[in-house]
file run08.csv (CSV, C-alpha atoms)
chain,number,residue,atom,x,y,z
A,1486,MET,CA,82.8,97.6,104.7
A,1487,GLU,CA,83.0,98.0,108.5
A,1488,PRO,CA,84.2,95.0,110.5
A,1489,LYS,CA,82.6,94.4,113.9
A,1490,ASP,CA,85.4,96.2,115.8
A,1491,GLY,CA,84.7,99.4,113.9
A,1492,LYS,CA,88.0,99.7,112.0
A,1493,VAL,CA,87.5,101.2,108.6
A,1494,VAL,CA,88.7,98.8,105.9
A,1495,ALA,CA,90.3,99.7,102.6
A,1496,ALA,CA,87.1,99.9,100.5
A,1497,ASN,CA,86.3,103.3,102.2
A,1498,LEU,CA,89.8,104.9,102.0
A,1499,ASN,CA,91.7,107.2,99.7
A,1500,ASP,CA,94.8,106.1,97.8
A,1501,HIS,CA,97.4,106.6,100.5
A,1502,ALA,CA,95.2,105.3,103.2
A,1503,PHE,CA,94.5,102.2,101.2
A,1504,VAL,CA,98.2,101.3,101.0
A,1505,ALA,CA,98.7,102.3,104.7
A,1506,HIS,CA,95.8,100.0,105.6
A,1507,TRP,CA,97.2,97.1,103.6
A,1508,ARG,CA,100.7,97.7,105.2
A,1509,LYS,CA,99.1,97.6,108.7
A,1510,MET,CA,97.4,94.3,107.8
A,1511,LEU,CA,100.6,92.8,106.5
A,1512,GLN,CA,102.4,93.9,109.7
A,1513,ALA,CA,99.7,92.3,111.8
A,1514,ALA,CA,100.0,89.0,109.9
A,1515,ASN,CA,103.8,89.1,110.1
A,1516,ASP,CA,103.6,89.7,113.9
A,1517,HIS,CA,101.4,86.5,114.0
A,1518,PHE,CA,103.1,84.2,111.4
A,1519,LYS,CA,106.6,85.8,111.3
A,1520,GLY,CA,109.0,85.7,108.4
A,1521,VAL,CA,107.6,87.9,105.6
A,1522,THR,CA,108.5,91.3,104.1
A,1523,TRP,CA,106.8,93.3,101.4
A,1524,SER,CA,107.5,96.0,98.9
A,1525,LEU,CA,105.7,99.3,99.5
A,1526,ASN,CA,106.0,100.2,95.8
A,1527,SER,CA,104.3,96.9,94.9
A,1528,LEU,CA,101.4,97.8,97.3
A,1529,TYR,CA,100.9,101.0,95.3
A,1530,ARG,CA,100.7,98.9,92.1
A,1531,VAL,CA,98.2,96.6,93.9
A,1532,HIS,CA,96.1,99.7,94.6
A,1533,SER,CA,96.2,100.8,91.0
A,1534,THR,CA,95.3,97.4,89.7
A,1535,TYR,CA,92.6,97.0,92.3
A,1536,GLN,CA,90.9,100.2,91.1
A,1537,ASN,CA,91.2,99.2,87.5
A,1538,ILE,CA,89.6,95.8,88.2
A,1539,LEU,CA,86.7,97.3,89.9
A,1540,GLN,CA,86.2,99.9,87.2
A,1541,LYS,CA,86.6,97.5,84.3
A,1542,TYR,CA,84.7,94.4,85.6
A,1543,VAL,CA,82.1,96.0,87.9
A,1544,GLY,CA,81.7,99.6,86.8
A,1545,ILE,CA,79.4,100.7,89.7
A,1546,ASP,CA,80.0,103.2,92.4
A,1547,ASP,CA,79.4,100.9,95.4
A,1548,PRO,CA,80.4,97.3,94.6
A,1549,SER,CA,79.6,94.6,97.1
A,1550,PRO,CA,82.2,93.6,99.7
A,1551,PHE,CA,82.6,90.4,97.8
A,1552,LYS,CA,83.6,92.2,94.6
A,1553,ARG,CA,86.0,94.5,96.5
A,1554,CYS,CA,87.6,91.6,98.2
A,1555,ALA,CA,88.0,89.7,95.0
A,1556,ALA,CA,89.5,92.7,93.3
A,1557,PHE,CA,92.0,93.1,96.2
A,1558,ALA,CA,93.0,89.4,96.0
A,1559,VAL,CA,93.4,89.4,92.3
A,1560,ALA,CA,95.4,92.6,92.3
A,1561,PHE,CA,97.5,91.4,95.3
A,1562,MET,CA,98.4,88.0,93.7
A,1563,ASP,CA,99.0,89.3,90.2
A,1564,ASP,CA,102.6,88.6,89.1
A,1565,ASP,CA,103.3,92.2,88.2
A,1566,ASN,CA,102.3,93.5,91.7
A,1567,TYR,CA,103.1,90.6,94.0
A,1568,PRO,CA,104.4,92.3,97.1
A,1569,ILE,CA,105.5,89.5,99.4
A,1570,TYR,CA,108.9,88.1,100.1
A,1571,GLY,CA,109.9,85.3,102.5
A,1572,GLU,CA,108.2,82.4,104.1
A,1573,PHE,CA,106.1,82.0,107.3
A,1574,GLU,CA,108.0,80.8,110.2
A,1575,LYS,CA,105.0,79.5,112.1
A,1576,HIS,CA,101.8,79.0,110.1
A,1577,PRO,CA,99.9,76.0,111.4
A,1578,TYR,CA,99.6,74.5,107.9
A,1579,LYS,CA,103.0,75.4,106.7
A,1580,GLY,CA,103.9,71.8,105.8
A,1581,GLU,CA,100.7,71.4,103.8
A,1582,ILE,CA,101.0,74.6,101.8
A,1583,SER,CA,104.7,75.2,101.4
A,1584,HIS,CA,104.8,73.4,98.0
A,1585,ILE,CA,102.3,75.9,96.5
A,1586,GLN,CA,104.0,78.7,94.6
A,1587,LYS,CA,103.2,82.1,96.2
A,1588,HIS,CA,101.5,80.5,99.1
A,1589,THR,CA,102.6,83.1,101.6
A,1590,GLY,CA,100.8,85.9,99.6
A,1591,ALA,CA,97.8,83.7,99.1
A,1592,VAL,CA,97.4,83.1,102.8
A,1593,LEU,CA,97.8,86.9,103.5
A,1594,ALA,CA,95.2,87.7,100.8
A,1595,TYR,CA,92.8,85.2,102.2
A,1596,GLU,CA,93.3,86.4,105.7
A,1597,TYR,CA,92.6,90.0,104.6
A,1598,VAL,CA,89.5,88.9,102.8
A,1599,ARG,CA,88.3,87.2,106.0
A,1600,TYR,CA,89.0,90.3,108.0
A,1601,CYS,CA,87.1,92.5,105.6
A,1602,LEU,CA,84.1,90.3,105.3
A,1603,ASP,CA,83.7,89.8,109.1
A,1604,GLY,CA,81.0,92.3,109.9
A,1605,ALA,CA,80.7,93.6,106.4
A,1606,THR,CA,77.4,95.3,105.4
A,1607,LEU,CA,75.5,94.1,102.3
A,1608,ASN,CA,73.1,96.4,100.5
A,1609,ARG,CA,70.8,93.9,98.8
A,1610,ILE,CA,68.9,94.5,95.6
A,1611,ASP,CA,65.6,94.1,97.5
A,1612,GLY,CA,66.5,97.3,99.5
A,1613,THR,CA,67.4,95.5,102.7
A,1614,THR,CA,70.7,95.7,104.5
A,1615,VAL,CA,72.4,92.7,106.0
A,1616,VAL,CA,75.4,92.5,108.2
A,1617,LEU,CA,77.7,89.4,107.9
A,1618,GLY,CA,77.8,88.5,111.6
A,1619,ASN,CA,80.0,85.5,111.4
A,1620,PRO,CA,83.6,85.3,110.0
A,1621,LEU,CA,84.5,83.0,107.2
A,1622,LEU,CA,85.4,79.6,108.5
A,1623,VAL,CA,86.5,76.8,106.3
A,1624,SER,CA,87.9,73.3,106.8
A,1625,LYS,CA,91.6,72.7,106.6
A,1626,HIS,CA,91.1,71.0,103.3
A,1627,THR,CA,89.2,73.9,101.9
A,1628,PHE,CA,91.8,76.3,103.2
A,1629,ILE,CA,94.5,74.5,101.3
A,1630,ASP,CA,92.4,74.6,98.1
A,1631,VAL,CA,91.7,78.3,98.6
A,1632,VAL,CA,95.4,79.0,99.0
A,1633,HIS,CA,96.1,77.0,95.9
A,1634,ALA,CA,93.4,78.9,94.0
A,1635,PHE,CA,94.5,82.3,95.2
A,1636,SER,CA,98.1,81.6,94.3
A,1637,GLN,CA,97.0,81.3,90.6
A,1638,LEU,CA,95.2,84.6,90.4
A,1639,LYS,CA,96.0,87.0,87.6
A,1640,SER,CA,94.5,90.3,86.7
A,1641,ASN,CA,94.4,89.8,82.9
A,1642,GLY,CA,90.8,88.6,82.6
A,1643,PRO,CA,87.4,88.8,84.2
A,1644,ALA,CA,86.8,85.1,84.8
A,1645,ALA,CA,89.1,84.8,87.9
A,1646,PHE,CA,87.7,88.0,89.4
A,1647,HIS,CA,84.0,87.0,88.9
A,1648,MET,CA,84.5,83.4,90.1
A,1649,LEU,CA,86.4,84.5,93.2
A,1650,SER,CA,83.7,87.1,94.0
A,1651,LEU,CA,81.1,84.3,93.8
A,1652,LEU,CA,83.2,81.9,95.9
A,1653,LEU,CA,83.6,84.5,98.6
A,1654,GLU,CA,79.9,85.3,98.6
A,1655,GLN,CA,79.0,81.6,98.9
A,1656,LEU,CA,81.6,81.0,101.7
A,1657,ALA,CA,80.1,84.0,103.6
A,1658,TYR,CA,76.6,82.7,103.1
A,1659,CYS,CA,77.7,79.3,104.4
A,1660,VAL,CA,78.4,80.8,107.8
A,1661,ASN,CA,75.7,83.6,107.5
A,1662,GLU,CA,72.7,81.7,106.1
A,1663,SER,CA,70.3,84.5,106.9
A,1664,ALA,CA,72.3,86.9,104.7
A,1665,SER,CA,71.8,84.7,101.6
A,1666,TYR,CA,69.1,85.4,99.0
A,1667,GLU,CA,66.4,82.7,98.8
A,1668,ARG,CA,67.7,79.7,96.8
A,1669,GLU,CA,65.5,79.2,93.7
A,1670,ILE,CA,67.5,77.3,91.1

call {"tool": "encode", "arguments": {"input": "run08.csv", "output": "C-alpha cells"}}
result
Amino acid sequence: MEPKDGKVVAANLNDHAFVAHWRKMLQAANDHFKGVTWSLNSLYRVHSTYQNILQKYVGIDDPSPFKRCAAFAVAFMDDDNYPIYGEFEKHPYKGEISHIQKHTGAVLAYEYVRYCLDGATLNRIDGTTVVLGNPLLVSKHTFIDVVHAFSQLKSNGPAAFHMLSLLLEQLAYCVNESASYEREI
C-alpha cells in the first residue's frame, strides 16, 4: 500500500519497521489530538497478532489493503495487545465518544486505516490495478458508530476480521466509485 504522498506503509515493512511505523503514526496522532501514550511492547504483540490474523484468515501472499487494514485494527484493539493509555485532550468529537470503552484506541486505529487506504493500490481479480484516489470520508454519525464497532474488536474469531474488511472496502468504494466492481446482486 502506497499512500499518495509516497510514504511506505506497514504492509510492506519488516517486523521492526512495522512497529516503528505504527509508533510514528501514534506520535503524529498524539501531536494532533494530544494526551495519549502507548506501550512499545504492546505494539510488538500487535504485530505478532496482525501476522497471525493474516496467515490464519487470509492465507495468501498479497492480501488486499482492506484485509491488511482489518487485520491491523483487530490486532490493535484486541484486549491482550491494546497499546493505548490516556484520553485525547482535543478531539472534535470527544464529548460524543468519551463514553465508549477504548475509544481512544478505536479512533487511532480508524485514523491509521484511513491513512493506509488513501492512495492504496488494488490488484483486482480481473487483472486491472486501481488506485483509491480519495480518502475515506464518513459522516459524524458513521464515525461514532465506527469508533464503537472498532472498540469491540477481538482477535479470537474470523467474523470480526472479515466483516471489518468488507466494511472498509465498501467505505472506500463509496468515495472511490470507479474502484468498485460492478454491482450485480

call {"tool": "atom_distance", "arguments": {"input": "run08.csv", "atom1": "atom CA of Tyr1567 of chain A", "atom2": "atom CA of Arg1530 of chain A"}}
result
8.8 Å

call {"tool": "closest_atom_pairs", "arguments": {"input": "run08.csv", "of": "segment 1528-1614 of chain A", "to": "segment 1647-1663 of chain A", "cutoff": "8 Å", "atoms": "only C-alpha atoms", "output": "tab-separated table"}}
result
residue	atom	partner	partner_atom	distance
A:Phe1551	CA	A:Ser1650	CA	5.2
A:Lys1552	CA	A:Ser1650	CA	5.1
A:Cys1554	CA	A:Ser1650	CA	7.3
A:Ala1555	CA	A:Ser1650	CA	5.1
A:Leu1602	CA	A:Ala1657	CA	7.7

call {"tool": "residues_around", "arguments": {"input": "run08.csv", "residues": "Phe1573 of chain A", "least_positions_apart": "6", "cutoff": "8 Å", "atoms": "only C-alpha atoms", "output": "PyMOL selection string"}}
result
chain A and resi 1515+1518-1521+1579+1589

call {"tool": "closest_residue", "arguments": {"input": "run08.csv", "among": "A:His1626, A:His1517, A:Arg1599, A:His1501", "to": "Tyr1578 of chain A", "atoms": "all atoms listed in the file"}}
result
A:His1626

call {"tool": "closest_residue", "arguments": {"input": "run08.csv", "among": "A:Ala1558, A:Ile1610, A:Ala1591, A:Cys1601", "to": "Leu1539 of chain A", "atoms": "all atoms listed in the file"}}
result
A:Ala1558

call {"tool": "closest_residue", "arguments": {"input": "run08.csv", "among": "A:Leu1622, A:Ile1585, A:Val1598, A:Ala1556", "to": "Gln1637 of chain A", "atoms": "all atoms listed in the file"}}
result
A:Ile1585

call {"tool": "residues_near_point", "arguments": {"input": "run08.csv", "point": "(99.0, 75.6, 108.8)", "cutoff": "10 Å", "atoms": "all atoms listed in the file", "output": "list in words"}}
result
Phe1518, Phe1573, Lys1575, His1576, Pro1577, Tyr1578, Lys1579, Gly1580, Glu1581, Ile1582, Ser1583, Val1592, Lys1625, Phe1628 and Ile1629 of chain A

call {"tool": "closest_residue", "arguments": {"input": "run08.csv", "among": "A:Asn1537, A:Phe1557, A:Gly1571, A:Leu1593", "to": "Lys1509 of chain A", "atoms": "only C-alpha atoms"}}
result
A:Leu1593

call {"tool": "atom_distance", "arguments": {"input": "run08.csv", "atom1": "atom CA of Trp1507 of chain A", "atom2": "atom CA of Leu1607 of chain A"}}
result
21.9 Å

call {"tool": "closest_residue", "arguments": {"input": "run08.csv", "among": "A:Ser1527, A:Pro1568, A:Val1615, A:Gln1512", "to": "Ser1549 of chain A", "atoms": "all atoms listed in the file"}}
result
A:Val1615

call {"tool": "atom_distance", "arguments": {"input": "run08.csv", "atom1": "atom CA of Ala1514 of chain A", "atom2": "atom CA of Tyr1597 of chain A"}}
result
9.2 Å

call {"tool": "closest_residue", "arguments": {"input": "run08.csv", "among": "A:Phe1503, A:Pro1620, A:Asn1641, A:Pro1550", "to": "Tyr1600 of chain A", "atoms": "only C-alpha atoms"}}
result
A:Pro1620

call {"tool": "residues_around", "arguments": {"input": "run08.csv", "residues": "Val1531 of chain A", "least_positions_apart": "2", "cutoff": "9 Å", "atoms": "all atoms listed in the file", "output": "list of chain:residue names"}}
result
A:Val1504, A:Asn1526, A:Ser1527, A:Leu1528, A:Tyr1529, A:Ser1533, A:Thr1534, A:Tyr1535, A:Gln1536, A:Phe1557, A:Val1559, A:Ala1560, A:Phe1561, A:Met1562, A:Asp1563, A:Asp1565, A:Asn1566, A:Tyr1567, A:Pro1568

call {"tool": "write_last_selection", "arguments": {"input": "run08.csv", "atoms": "C-alpha atoms", "output": "PDB file, keeping the file's coordinate frame"}}
result
ATOM      1  CA  VAL A1504      98.200 101.300 101.000  1.00  0.00           C
ATOM      2  CA  ASN A1526     106.000 100.200  95.800  1.00  0.00           C
ATOM      3  CA  SER A1527     104.300  96.900  94.900  1.00  0.00           C
ATOM      4  CA  LEU A1528     101.400  97.800  97.300  1.00  0.00           C
ATOM      5  CA  TYR A1529     100.900 101.000  95.300  1.00  0.00           C
ATOM      6  CA  SER A1533      96.200 100.800  91.000  1.00  0.00           C
ATOM      7  CA  THR A1534      95.300  97.400  89.700  1.00  0.00           C
ATOM      8  CA  TYR A1535      92.600  97.000  92.300  1.00  0.00           C
ATOM      9  CA  GLN A1536      90.900 100.200  91.100  1.00  0.00           C
ATOM     10  CA  PHE A1557      92.000  93.100  96.200  1.00  0.00           C
ATOM     11  CA  VAL A1559      93.400  89.400  92.300  1.00  0.00           C
ATOM     12  CA  ALA A1560      95.400  92.600  92.300  1.00  0.00           C
ATOM     13  CA  PHE A1561      97.500  91.400  95.300  1.00  0.00           C
ATOM     14  CA  MET A1562      98.400  88.000  93.700  1.00  0.00           C
ATOM     15  CA  ASP A1563      99.000  89.300  90.200  1.00  0.00           C
ATOM     16  CA  ASP A1565     103.300  92.200  88.200  1.00  0.00           C
ATOM     17  CA  ASN A1566     102.300  93.500  91.700  1.00  0.00           C
ATOM     18  CA  TYR A1567     103.100  90.600  94.000  1.00  0.00           C
ATOM     19  CA  PRO A1568     104.400  92.300  97.100  1.00  0.00           C
TER      20      PRO A1568
END

call {"tool": "decode", "arguments": {"input": "run08.csv", "residues": "segment 1576-1593 of chain A", "atoms": "C-alpha atoms", "output": "PDB file, in the first residue's frame"}}
result
ATOM      1  CA  HIS A1576     -10.581  15.516  19.591  1.00  0.00           C
ATOM      2  CA  PRO A1577     -13.512  17.300  17.892  1.00  0.00           C
ATOM      3  CA  TYR A1578     -15.983  14.554  18.913  1.00  0.00           C
ATOM      4  CA  LYS A1579     -14.551  13.895  22.365  1.00  0.00           C
ATOM      5  CA  GLY A1580     -17.913  14.513  24.040  1.00  0.00           C
ATOM      6  CA  GLU A1581     -19.738  12.124  21.736  1.00  0.00           C
ATOM      7  CA  ILE A1582     -17.234   9.238  22.011  1.00  0.00           C
ATOM      8  CA  SER A1583     -15.818   9.530  25.539  1.00  0.00           C
ATOM      9  CA  HIS A1584     -18.394   7.077  26.948  1.00  0.00           C
ATOM     10  CA  ILE A1585     -17.198   4.326  24.560  1.00  0.00           C
ATOM     11  CA  GLN A1586     -14.690   1.993  26.205  1.00  0.00           C
ATOM     12  CA  LYS A1587     -11.296   2.081  24.408  1.00  0.00           C
ATOM     13  CA  HIS A1588     -12.493   4.947  22.184  1.00  0.00           C
ATOM     14  CA  THR A1589      -9.016   6.479  22.054  1.00  0.00           C
ATOM     15  CA  GLY A1590      -7.517   3.351  20.503  1.00  0.00           C
ATOM     16  CA  ALA A1591     -10.507   2.952  18.201  1.00  0.00           C
ATOM     17  CA  VAL A1592     -10.023   6.480  16.867  1.00  0.00           C
ATOM     18  CA  LEU A1593      -6.315   5.857  16.335  1.00  0.00           C
TER      19      LEU A1593
END
